[in-house]
Every structure is written in structure tokens, then in C-alpha cells.
>>> print(open('coords05.cif').read())   # mmCIF, C-alpha atoms and all ligand atoms
data_model
loop_
_atom_site.group_PDB
_atom_site.id
_atom_site.type_symbol
_atom_site.label_atom_id
_atom_site.label_comp_id
_atom_site.auth_asym_id
_atom_site.auth_seq_id
_atom_site.Cartn_x
_atom_site.Cartn_y
_atom_site.Cartn_z
ATOM 1 C CA MET A 8 0.000 0.000 0.000
ATOM 2 C CA LYS A 9 1.459 3.359 -1.091
ATOM 3 C CA ASP A 10 1.754 6.318 1.258
ATOM 4 C CA LEU A 11 0.811 9.768 0.009
ATOM 5 C CA LYS A 12 4.186 11.570 -0.029
ATOM 6 C CA ALA A 13 3.583 14.778 -2.003
ATOM 7 C CA ILE A 14 0.900 17.033 -3.404
ATOM 8 C CA ILE A 15 1.781 19.000 -6.536
ATOM 9 C CA PHE A 16 -0.252 22.159 -7.155
ATOM 10 C CA ASP A 17 -0.675 23.847 -10.490
ATOM 11 C CA LEU A 18 -0.671 27.629 -10.014
ATOM 12 C CA ASP A 19 -2.968 29.420 -12.449
ATOM 13 C CA GLY A 20 -6.517 28.168 -11.928
ATOM 14 C CA VAL A 21 -5.759 26.240 -8.727
ATOM 15 C CA ILE A 22 -4.083 28.665 -6.327
ATOM 16 C CA VAL A 23 -4.751 31.995 -8.050
ATOM 17 C CA ASP A 24 -6.604 33.179 -11.134
ATOM 18 C CA THR A 25 -3.900 34.770 -13.262
ATOM 19 C CA ALA A 26 -5.772 33.853 -16.473
ATOM 20 C CA LYS A 27 -7.598 37.194 -16.249
ATOM 21 C CA TYR A 28 -4.279 39.102 -16.331
ATOM 22 C CA HIS A 29 -2.909 36.940 -19.158
ATOM 23 C CA PHE A 30 -6.132 37.756 -21.036
ATOM 24 C CA ILE A 31 -5.768 41.529 -20.619
ATOM 25 C CA ALA A 32 -2.138 41.447 -21.788
ATOM 26 C CA TRP A 33 -2.700 39.057 -24.726
ATOM 27 C CA ARG A 34 -5.786 40.979 -25.844
ATOM 28 C CA LYS A 35 -3.848 44.274 -25.877
ATOM 29 C CA LEU A 36 -1.169 42.615 -27.984
ATOM 30 C CA ALA A 37 -3.778 41.210 -30.391
ATOM 31 C CA ASN A 38 -5.492 44.602 -30.624
ATOM 32 C CA ASP A 39 -2.144 46.275 -31.366
ATOM 33 C CA LEU A 40 -1.706 43.771 -34.189
ATOM 34 C CA GLY A 41 -5.142 44.660 -35.558
ATOM 35 C CA PHE A 42 -7.456 41.890 -34.350
ATOM 36 C CA ASP A 43 -9.446 40.919 -31.270
ATOM 37 C CA PHE A 44 -9.848 37.762 -29.264
ATOM 38 C CA ASP A 45 -12.344 36.942 -26.543
ATOM 39 C CA GLU A 46 -12.516 35.095 -23.252
ATOM 40 C CA HIS A 47 -13.608 31.924 -25.015
ATOM 41 C CA ASP A 48 -10.356 31.980 -27.038
ATOM 42 C CA ASN A 49 -8.472 32.691 -23.815
ATOM 43 C CA GLU A 50 -9.582 29.284 -22.463
ATOM 44 C CA LYS A 51 -7.318 27.643 -25.053
ATOM 45 C CA LEU A 52 -4.297 29.365 -23.497
ATOM 46 C CA LYS A 53 -4.725 27.972 -19.982
ATOM 47 C CA GLY A 54 -1.744 25.845 -18.955
ATOM 48 C CA VAL A 55 -0.077 26.536 -22.319
ATOM 49 C CA SER A 56 3.443 28.053 -22.353
ATOM 50 C CA ARG A 57 4.039 31.709 -23.289
ATOM 51 C CA VAL A 58 5.571 30.925 -26.687
ATOM 52 C CA GLU A 59 2.853 28.425 -27.535
ATOM 53 C CA SER A 60 0.173 30.929 -26.433
ATOM 54 C CA LEU A 61 1.654 33.535 -28.780
ATOM 55 C CA ASN A 62 1.669 31.054 -31.660
ATOM 56 C CA LEU A 63 -2.009 30.250 -31.020
ATOM 57 C CA ILE A 64 -2.949 33.941 -30.886
ATOM 58 C CA LEU A 65 -1.097 34.789 -34.092
ATOM 59 C CA LYS A 66 -2.899 31.887 -35.757
ATOM 60 C CA MET A 67 -6.276 33.210 -34.544
ATOM 61 C CA GLY A 68 -5.473 36.619 -36.106
ATOM 62 C CA ASN A 69 -4.018 35.073 -39.251
ATOM 63 C CA VAL A 70 -0.804 36.974 -38.620
ATOM 64 C CA SER A 71 2.637 35.608 -39.343
ATOM 65 C CA LYS A 72 5.813 36.840 -37.647
ATOM 66 C CA THR A 73 9.493 35.897 -37.761
ATOM 67 C CA GLU A 74 11.037 34.137 -34.753
ATOM 68 C CA GLU A 75 12.820 37.373 -33.856
ATOM 69 C CA GLU A 76 9.567 39.352 -33.945
ATOM 70 C CA LYS A 77 7.848 36.659 -31.853
ATOM 71 C CA THR A 78 10.539 36.909 -29.181
ATOM 72 C CA MET A 79 9.957 40.659 -29.035
ATOM 73 C CA LEU A 80 6.163 40.328 -28.915
ATOM 74 C CA ALA A 81 6.322 37.714 -26.133
ATOM 75 C CA ALA A 82 8.666 39.949 -24.112
ATOM 76 C CA HIS A 83 6.379 42.910 -24.655
ATOM 77 C CA LYS A 84 3.336 40.953 -23.504
ATOM 78 C CA ASN A 85 5.259 39.708 -20.476
ATOM 79 C CA ASP A 86 6.238 43.261 -19.458
ATOM 80 C CA HIS A 87 2.568 44.250 -19.538
ATOM 81 C CA TYR A 88 1.542 41.053 -17.680
ATOM 82 C CA GLN A 89 4.183 41.638 -14.993
ATOM 83 C CA SER A 90 2.926 45.178 -14.418
ATOM 84 C CA LEU A 91 -0.583 43.760 -13.923
ATOM 85 C CA ILE A 92 0.380 40.980 -11.501
ATOM 86 C CA ALA A 93 2.541 43.365 -9.456
ATOM 87 C CA GLY A 94 -0.696 44.486 -7.800
ATOM 88 C CA MET A 95 -1.619 40.976 -6.614
ATOM 89 C CA ASN A 96 -1.923 40.182 -2.911
ATOM 90 C CA GLU A 97 -3.289 37.447 -0.621
ATOM 91 C CA SER A 98 -6.878 38.481 -1.379
ATOM 92 C CA GLU A 99 -6.432 36.783 -4.777
ATOM 93 C CA ILE A 100 -5.798 33.316 -3.361
ATOM 94 C CA LEU A 101 -8.618 31.068 -4.605
ATOM 95 C CA PRO A 102 -11.099 29.692 -2.015
ATOM 96 C CA GLY A 103 -9.783 26.762 0.021
ATOM 97 C CA ALA A 104 -6.186 26.898 -1.259
ATOM 98 C CA LEU A 105 -4.604 28.575 1.785
ATOM 99 C CA GLU A 106 -6.487 26.316 4.218
ATOM 100 C CA LEU A 107 -5.266 23.202 2.382
ATOM 101 C CA LEU A 108 -1.663 24.470 2.213
ATOM 102 C CA LYS A 109 -1.762 25.105 5.968
ATOM 103 C CA GLU A 110 -3.021 21.579 6.624
ATOM 104 C CA ILE A 111 -0.240 20.081 4.499
ATOM 105 C CA LYS A 112 2.396 22.180 6.291
ATOM 106 C CA ASN A 113 1.454 20.455 9.559
ATOM 107 C CA THR A 114 2.259 17.017 8.121
ATOM 108 C CA ASP A 115 5.312 15.351 6.581
ATOM 109 C CA ILE A 116 3.679 15.417 3.127
ATOM 110 C CA TYR A 117 5.705 17.513 0.667
ATOM 111 C CA CYS A 118 4.065 20.494 -0.973
ATOM 112 C CA VAL A 119 5.239 21.146 -4.553
ATOM 113 C CA LEU A 120 4.408 23.671 -7.248
ATOM 114 C CA GLY A 121 4.172 22.442 -10.852
ATOM 115 C CA SER A 122 3.426 25.379 -13.142
ATOM 116 C CA ALA A 123 4.134 26.283 -16.764
ATOM 117 C CA SER A 124 4.634 29.916 -15.765
ATOM 118 C CA LYS A 125 8.037 31.586 -15.690
ATOM 119 C CA ASN A 126 6.448 34.122 -13.323
ATOM 120 C CA ALA A 127 5.365 31.504 -10.770
ATOM 121 C CA ARG A 128 7.882 32.422 -8.062
ATOM 122 C CA ARG A 129 7.076 36.108 -8.111
ATOM 123 C CA ILE A 130 3.317 35.364 -8.013
ATOM 124 C CA LEU A 131 3.780 33.133 -4.946
ATOM 125 C CA GLU A 132 5.750 35.973 -3.312
ATOM 126 C CA TYR A 133 3.046 38.559 -4.118
ATOM 127 C CA VAL A 134 0.278 36.461 -2.581
ATOM 128 C CA GLY A 135 2.437 35.419 0.405
ATOM 129 C CA LEU A 136 2.518 31.667 -0.292
ATOM 130 C CA PHE A 137 6.163 31.129 -1.251
ATOM 131 C CA ASP A 138 7.152 29.565 2.081
ATOM 132 C CA TYR A 139 4.490 26.859 1.891
ATOM 133 C CA PHE A 140 6.362 25.034 -0.889
ATOM 134 C CA ASP A 141 9.162 22.490 -0.415
ATOM 135 C CA GLU A 142 9.878 22.400 -4.134
ATOM 136 C CA ILE A 143 9.008 24.753 -6.989
ATOM 137 C CA VAL A 144 9.011 23.570 -10.591
ATOM 138 C CA ASP A 145 7.994 26.213 -13.107
ATOM 139 C CA GLY A 146 8.493 27.345 -16.685
ATOM 140 C CA THR A 147 12.137 28.120 -15.942
ATOM 141 C CA ASN A 148 13.115 24.521 -15.145
ATOM 142 C CA VAL A 149 11.210 22.494 -17.692
ATOM 143 C CA SER A 150 11.442 22.362 -21.459
ATOM 144 C CA LYS A 151 8.445 20.188 -22.319
ATOM 145 C CA ALA A 152 4.930 21.593 -21.947
ATOM 146 C CA LYS A 153 1.923 19.742 -20.477
ATOM 147 C CA PRO A 154 0.545 17.173 -21.434
ATOM 148 C CA ASP A 155 4.168 16.039 -21.152
ATOM 149 C CA PRO A 156 4.568 15.026 -17.481
ATOM 150 C CA GLU A 157 7.989 16.719 -17.075
ATOM 151 C CA VAL A 158 6.680 19.599 -14.919
ATOM 152 C CA PHE A 159 5.453 17.029 -12.366
ATOM 153 C CA THR A 160 8.149 14.347 -12.633
ATOM 154 C CA VAL A 161 10.966 16.885 -12.087
ATOM 155 C CA GLY A 162 9.450 17.785 -8.703
ATOM 156 C CA ALA A 163 9.008 14.159 -7.629
ATOM 157 C CA ASP A 164 12.544 13.308 -8.801
ATOM 158 C CA ALA A 165 13.998 16.237 -6.836
ATOM 159 C CA LEU A 166 12.350 14.827 -3.700
ATOM 160 C CA GLY A 167 13.333 11.255 -4.556
ATOM 161 C CA ILE A 168 9.782 9.897 -4.345
ATOM 162 C CA ASP A 169 7.821 7.451 -6.498
ATOM 163 C CA TYR A 170 5.334 8.959 -8.937
ATOM 164 C CA ASP A 171 2.503 6.777 -7.637
ATOM 165 C CA SER A 172 2.871 8.344 -4.192
ATOM 166 C CA VAL A 173 2.017 11.774 -5.626
ATOM 167 C CA VAL A 174 -1.263 13.688 -6.020
ATOM 168 C CA VAL A 175 -1.533 16.447 -8.647
ATOM 169 C CA ILE A 176 -4.123 19.238 -8.471
ATOM 170 C CA GLU A 177 -4.749 20.824 -11.892
ATOM 171 C CA ASP A 178 -7.338 22.891 -13.731
ATOM 172 C CA SER A 179 -6.353 22.107 -17.321
ATOM 173 C CA LEU A 180 -7.031 18.920 -19.263
ATOM 174 C CA ALA A 181 -3.417 18.914 -20.504
ATOM 175 C CA GLY A 182 -2.272 18.990 -16.862
ATOM 176 C CA ILE A 183 -4.572 16.099 -15.919
ATOM 177 C CA GLN A 184 -3.231 14.090 -18.857
ATOM 178 C CA ALA A 185 0.322 14.895 -17.732
ATOM 179 C CA ALA A 186 -0.396 13.632 -14.195
ATOM 180 C CA ASN A 187 -2.095 10.482 -15.497
ATOM 181 C CA THR A 188 0.811 9.725 -17.841
ATOM 182 C CA ALA A 189 3.203 9.984 -14.894
ATOM 183 C CA GLY A 190 1.038 7.549 -12.894
ATOM 184 C CA MET A 191 0.139 10.216 -10.330
ATOM 185 C CA PHE A 192 -3.327 10.595 -8.753
ATOM 186 C CA SER A 193 -5.044 13.480 -10.541
ATOM 187 C CA ILE A 194 -7.519 15.946 -9.069
ATOM 188 C CA GLY A 195 -9.261 18.231 -11.566
ATOM 189 C CA ILE A 196 -10.507 21.648 -10.484
ATOM 190 C CA GLY A 197 -13.359 22.762 -12.711
ATOM 191 C CA ASP A 198 -15.895 21.278 -15.089
ATOM 192 C CA GLU A 199 -16.449 17.516 -14.828
ATOM 193 C CA MET A 200 -17.359 17.340 -18.536
ATOM 194 C CA ILE A 201 -13.966 18.760 -19.515
ATOM 195 C CA LEU A 202 -11.779 17.146 -16.860
ATOM 196 C CA ASN A 203 -13.349 13.674 -16.920
ATOM 197 C CA ALA A 204 -9.941 12.024 -17.332
ATOM 198 C CA ALA A 205 -9.101 13.032 -13.743
ATOM 199 C CA ASP A 206 -9.310 10.536 -10.874
ATOM 200 C CA TRP A 207 -11.446 13.039 -8.973
ATOM 201 C CA VAL A 208 -13.080 16.284 -10.168
ATOM 202 C CA ILE A 209 -14.169 19.057 -7.797
ATOM 203 C CA PRO A 210 -15.456 22.558 -8.550
ATOM 204 C CA SER A 211 -12.855 24.264 -6.322
ATOM 205 C CA LEU A 212 -10.675 23.598 -3.257
ATOM 206 C CA GLU A 213 -13.278 25.205 -1.001
ATOM 207 C CA ASN A 214 -14.042 22.879 1.944
ATOM 208 C CA ILE A 215 -11.634 20.251 0.627
ATOM 209 C CA HIS A 216 -9.505 18.874 3.450
ATOM 210 C CA LEU A 217 -6.301 16.889 3.341
ATOM 211 C CA SER A 218 -8.216 13.917 4.800
ATOM 212 C CA ASP A 219 -10.593 13.978 1.767
ATOM 213 C CA ILE A 220 -7.627 13.821 -0.600
ATOM 214 C CA GLN A 221 -5.975 11.065 1.424
ATOM 215 C CA SER A 222 -9.082 8.881 1.399
ATOM 216 C CA ARG A 223 -9.593 9.313 -2.385
ATOM 217 C CA PHE A 224 -5.916 8.480 -2.929
ATOM 218 C CA PHE A 225 -6.065 5.376 -0.723
ATOM 219 C CA ASN A 226 -9.329 4.141 -2.277
ATOM 220 C CA LYS A 227 -7.836 4.400 -5.762
ATOM 221 C CA ASN A 228 -4.809 2.434 -4.554
ATOM 222 C CA LEU A 229 -7.111 -0.241 -3.086
ATOM 223 C CA GLU A 230 -8.958 -0.557 -6.421
ATOM 224 C CA ASP A 231 -5.680 -0.808 -8.337
ATOM 225 C CA ASN A 232 -4.120 -3.465 -6.107
HETATM 226 P P1 LIG B 1 4.187 32.862 -18.197
HETATM 227 P P2 LIG B 1 -0.099 27.270 -14.947
HETATM 228 C C1 LIG B 1 0.290 28.868 -17.075
HETATM 229 O O1 LIG B 1 0.235 28.692 -15.688
HETATM 230 C C2 LIG B 1 -0.923 29.655 -17.542
HETATM 231 O O2 LIG B 1 -2.105 28.908 -17.317
HETATM 232 C C3 LIG B 1 -0.801 29.942 -19.026
HETATM 233 O O3 LIG B 1 -1.918 30.694 -19.467
HETATM 234 C C4 LIG B 1 0.500 30.721 -19.276
HETATM 235 O O4 LIG B 1 0.680 30.976 -20.667
HETATM 236 C C5 LIG B 1 1.669 29.899 -18.738
HETATM 237 O O5 LIG B 1 1.479 29.628 -17.363
HETATM 238 C C6 LIG B 1 2.999 30.610 -18.937
HETATM 239 O O6 LIG B 1 3.020 31.761 -18.152
HETATM 240 O O7 LIG B 1 3.976 33.701 -19.414
HETATM 241 O O8 LIG B 1 4.003 33.606 -16.897
HETATM 242 O O9 LIG B 1 5.502 32.125 -18.238
HETATM 243 O O10 LIG B 1 -1.562 26.998 -15.144
HETATM 244 O O11 LIG B 1 0.788 26.194 -15.558
HETATM 245 O O12 LIG B 1 0.259 27.568 -13.526
HETATM 246 MG MG MG B 2 -3.529 25.969 -14.573
#
>>> encode(input="coords05.cif", output="C-alpha cells", more="lines below")
Ligand code: B16
Ligand code: MG
Amino acid sequence: MKDLKAIIFDLDGVIVDTAKYHFIAWRKLANDLGFDFDEHDNEKLKGVSRVESLNLILKMGNVSKTEEEKTMLAAHKNDHYQSLIAGMNESEILPGALELLKEIKNTDIYCVLGSASKNARRILEYVGLFDYFDEIVDGTNVSKAKPDPEVFTVGADALGIDYDSVVVIEDSLAGIQAANTAGMFSIGIGDEMILNAADWVIPSLENIHLSDIQSRFFNKNLEDN
């Protein structure tokens, strides 16, 4: 029987909602290039890397750019995004996240961040959650984007723990697929219709306790063995 050794949290959509700031910055960039995109289009960018997001947006606007121009556009968008997130504070922590992080801190279960964002560390600092994490894996230490499991396996490897002793909490389908591929227990935050590949889907972390996660994890292990 496996022990639960670590919980890996995605950042955007699980701990904070930075998608709204990404949207403002990407929309401004699209508008400057002469086209618009809406919140529905923005959904496609969740969990996707910065470069890949830019490629998707340029495709939506039917605009083609050289690699050099793309590097400049991505940097420009990031400057705008960073000025927006600089105003973030603990009031932006999503319901239930802080309570769960506090519960984990009182145990010997590792708390890990697994995010595609290169801004993850500064966001955790802004909202006052940096010290809750034993390990941070973000867009600066991985090269393969979700659904590749690298962003989660790097964290488990750094701690020297087996993948099947890990729980991942994610809001994107690509992230759920990444966790499943790694053999980790996946918890989807959001719509059950979209995240149905997850081992457990919940609307948010509100009122979700560590004991709930532990019992789901153990029951899955019982079924599998
Ligand atoms: P950055 P997550 C992801 O965060 C966002 O969901 C995605 O929209 C963004 O493009 C990506 O981070 C990269 O962010 O431009 O800050 O490096 O959900 O993996 O925590
Ligand atoms: Mg996310």
C-alpha cells in the first residue's frame, strides 16, 4: 500500500486566477496587431506556455511573424503582464487553497508547485505563499509543456519519491493528462465534462480537506491493487 508523499499544485486556476491578467495582456497585444480575441479563445491558453500561447494567438489573427519578432512580442506581452500581476496580494488566493496548504504544512507530506509559468515564483511571493512550498518547478526549469509530465516528474525526482505516491491538483485537461501519464493521482478543479480524465473532479478547493484527498488516494490504490 502506497503512502501519500507529495501534493503538486498547479498555479494558475488552482491557487490563483492569473488567467484574467494573461487575457488583458494578450488581448492588448492582439489589438495592437489589428485583431481581437475573446474570453472563449483565452480558455485555449490555460496551462499553455508563453511561446505556444503567442503562436495560437497569431494563428487566430491570421498573422505571421518571424522568430525574432515573436521573441519581441512575447517579451512585450510579459512586461505588460508583470505590471498587472505586481498588484496581486493574498486576497487573490482562490477559495480553500490557503487552508489546504496550511493543513499540508502540519504534516510530513511535501508540498510542490508544478506550473508552466516563468512568473510563478514572483506570483507566490506577491500572494504570500512562497514559504508553503518544499519544491518549486515552473516554466524556468522544464522544457516540455503539459501534457508532457515533465513539470510534475521533475518535482518528484527532486524529492526522490515514487510517482505513484504523488497527487496532482490541476485545472487544465493537458495537466490532468500529464499527471495520469506519470502515474500520479489526478484531481481536476473545474468542469467535470472537460476534466473527466481526472481521478477526482471538484469545482474548487473550497471545503476540501487533506483527509478527503488522502481517502480518495487510498481508495484508488485499493482498487488498483
Ligand atoms: P508565463 P499554470 C500557465 O500557468 C498559464 O495557465 C498559461 O496561461 C501561461 O501561458 C503559462 O502559465 C505561462 O506563463 O507567461 O508567466 O511564463 O496553469 O501552468 O500555472
Ligand atoms: Mg492551470
>>> residues_near_ligand(input="coords05.cif", ligand="ligand LIG 1 (chain B)", cutoff="8 Å", atoms="all atoms listed in the file", output="number ranges by chain")
A: 17-21, 25-26, 29, 52-60, 85, 88, 121-127, 145-146, 177-179, 182
>>> residues_near_point(input="coords05.cif", point="(-7.1, 24.0, 3.4)", cutoff="9 Å", atoms="only C-alpha atoms", output="PyMOL selection string")
chain A and resi 102-111+212-217
>>> atom_distance(input="coords05.cif", atom1="CA of Ala163 in chain A", atom2="CA of Ile196 in chain A")
21.1 Å
>>> atom_distance(input="coords05.cif", atom1="CA of Tyr139 in chain A", atom2="CA of Thr160 in chain A")
19.5 Å
>>> residues_near_point(input="coords05.cif", point="(-1.8, 13.5, -8.4)", cutoff="6 Å", atoms="all atoms listed in the file", output="PyMOL selection string")
chain A and resi 173-175+186+191-193
>>> closest_residue(input="coords05.cif", among="A:Ala181, A:Ala82, A:Ile209, A:Ala37", to="ligand MG 2 (chain B)", atoms="only C-alpha atoms and all ligand atoms")
A:Ala181
>>> build_atoms(input="coords05.cif", residues="range 212-223 of chain A", atoms="all heavy atoms", output="tab-separated table (two decimals), keeping the file's coordinate frame")
chain	number	residue	atom	x	y	z
A	212	LEU	N	-11.27	24.20	-4.46
A	212	LEU	CA	-10.68	23.60	-3.26
A	212	LEU	C	-11.45	23.98	-1.99
A	212	LEU	O	-11.09	23.55	-0.90
A	212	LEU	CB	-9.21	24.04	-3.12
A	212	LEU	CG	-8.23	23.41	-4.11
A	212	LEU	CD1	-6.83	23.99	-3.93
A	212	LEU	CD2	-8.18	21.89	-3.96
A	213	GLU	N	-12.50	24.77	-2.17
A	213	GLU	CA	-13.28	25.20	-1.00
A	213	GLU	C	-13.83	24.00	-0.24
A	213	GLU	O	-14.44	23.11	-0.85
A	213	GLU	CB	-14.43	26.11	-1.46
A	213	GLU	CG	-15.05	26.84	-0.30
A	213	GLU	CD	-15.87	28.04	-0.74
A	213	GLU	OE1	-16.26	28.11	-1.92
A	213	GLU	OE2	-16.11	28.90	0.12
A	214	ASN	N	-13.59	23.97	1.07
A	214	ASN	CA	-14.04	22.88	1.94
A	214	ASN	C	-13.43	21.52	1.62
A	214	ASN	O	-13.96	20.49	2.03
A	214	ASN	CB	-15.57	22.75	1.93
A	214	ASN	CG	-16.24	23.99	2.46
A	214	ASN	OD1	-15.76	24.59	3.41
A	214	ASN	ND2	-17.32	24.41	1.81
A	215	ILE	N	-12.34	21.51	0.89
A	215	ILE	CA	-11.63	20.25	0.63
A	215	ILE	C	-10.49	20.13	1.63
A	215	ILE	O	-9.62	21.00	1.70
A	215	ILE	CB	-11.07	20.19	-0.83
A	215	ILE	CG1	-12.20	20.32	-1.85
A	215	ILE	CG2	-10.26	18.91	-1.04
A	215	ILE	CD1	-13.19	19.18	-1.90
A	216	HIS	N	-10.53	19.06	2.42
A	216	HIS	CA	-9.51	18.87	3.45
A	216	HIS	C	-8.50	17.82	3.01
A	216	HIS	O	-8.80	16.97	2.16
A	216	HIS	CB	-10.17	18.46	4.77
A	216	HIS	CG	-11.04	19.54	5.32
A	216	HIS	ND1	-10.53	20.66	5.94
A	216	HIS	CD2	-12.39	19.70	5.29
A	216	HIS	CE1	-11.53	21.45	6.29
A	216	HIS	NE2	-12.67	20.90	5.90
A	217	LEU	N	-7.34	17.87	3.65
A	217	LEU	CA	-6.30	16.89	3.34
A	217	LEU	C	-6.83	15.46	3.52
A	217	LEU	O	-6.54	14.57	2.73
A	217	LEU	CB	-5.08	17.15	4.24
A	217	LEU	CG	-3.89	16.24	4.04
A	217	LEU	CD1	-3.40	16.27	2.60
A	217	LEU	CD2	-2.77	16.62	5.00
A	218	SER	N	-7.67	15.26	4.55
A	218	SER	CA	-8.22	13.92	4.80
A	218	SER	C	-9.08	13.43	3.63
A	218	SER	O	-9.11	12.24	3.32
A	218	SER	CB	-9.02	13.91	6.10
A	218	SER	OG	-10.03	14.90	6.04
A	219	ASP	N	-9.79	14.36	2.94
A	219	ASP	CA	-10.59	13.98	1.77
A	219	ASP	C	-9.67	13.46	0.66
A	219	ASP	O	-9.95	12.46	0.01
A	219	ASP	CB	-11.37	15.18	1.20
A	219	ASP	CG	-12.29	15.81	2.23
A	219	ASP	OD1	-12.90	15.04	3.00
A	219	ASP	OD2	-12.40	17.05	2.27
A	220	ILE	N	-8.57	14.20	0.46
A	220	ILE	CA	-7.63	13.82	-0.60
A	220	ILE	C	-6.99	12.47	-0.27
A	220	ILE	O	-6.88	11.58	-1.10
A	220	ILE	CB	-6.55	14.92	-0.77
A	220	ILE	CG1	-7.22	16.21	-1.28
A	220	ILE	CG2	-5.44	14.47	-1.72
A	220	ILE	CD1	-6.31	17.41	-1.38
A	221	GLN	N	-6.61	12.33	1.01
A	221	GLN	CA	-5.98	11.06	1.42
A	221	GLN	C	-6.91	9.88	1.21
A	221	GLN	O	-6.50	8.84	0.71
A	221	GLN	CB	-5.56	11.14	2.89
A	221	GLN	CG	-4.27	11.94	3.06
A	221	GLN	CD	-3.98	12.26	4.52
A	221	GLN	OE1	-4.87	12.64	5.27
A	221	GLN	NE2	-2.72	12.12	4.91
A	222	SER	N	-8.20	10.04	1.55
A	222	SER	CA	-9.08	8.88	1.40
A	222	SER	C	-9.34	8.56	-0.07
A	222	SER	O	-9.40	7.39	-0.43
A	222	SER	CB	-10.36	9.01	2.21
A	222	SER	OG	-11.06	10.14	1.83
A	223	ARG	N	-9.45	9.58	-0.93
A	223	ARG	CA	-9.59	9.31	-2.38
A	223	ARG	C	-8.36	8.59	-2.92
A	223	ARG	O	-8.46	7.66	-3.71
A	223	ARG	CB	-9.76	10.63	-3.15
A	223	ARG	CG	-11.05	11.34	-2.87
A	223	ARG	CD	-12.15	10.76	-3.70
A	223	ARG	NE	-13.42	11.31	-3.29
A	223	ARG	CZ	-14.53	11.23	-4.01
A	223	ARG	NH1	-14.52	10.58	-5.17
A	223	ARG	NH2	-15.66	11.74	-3.59
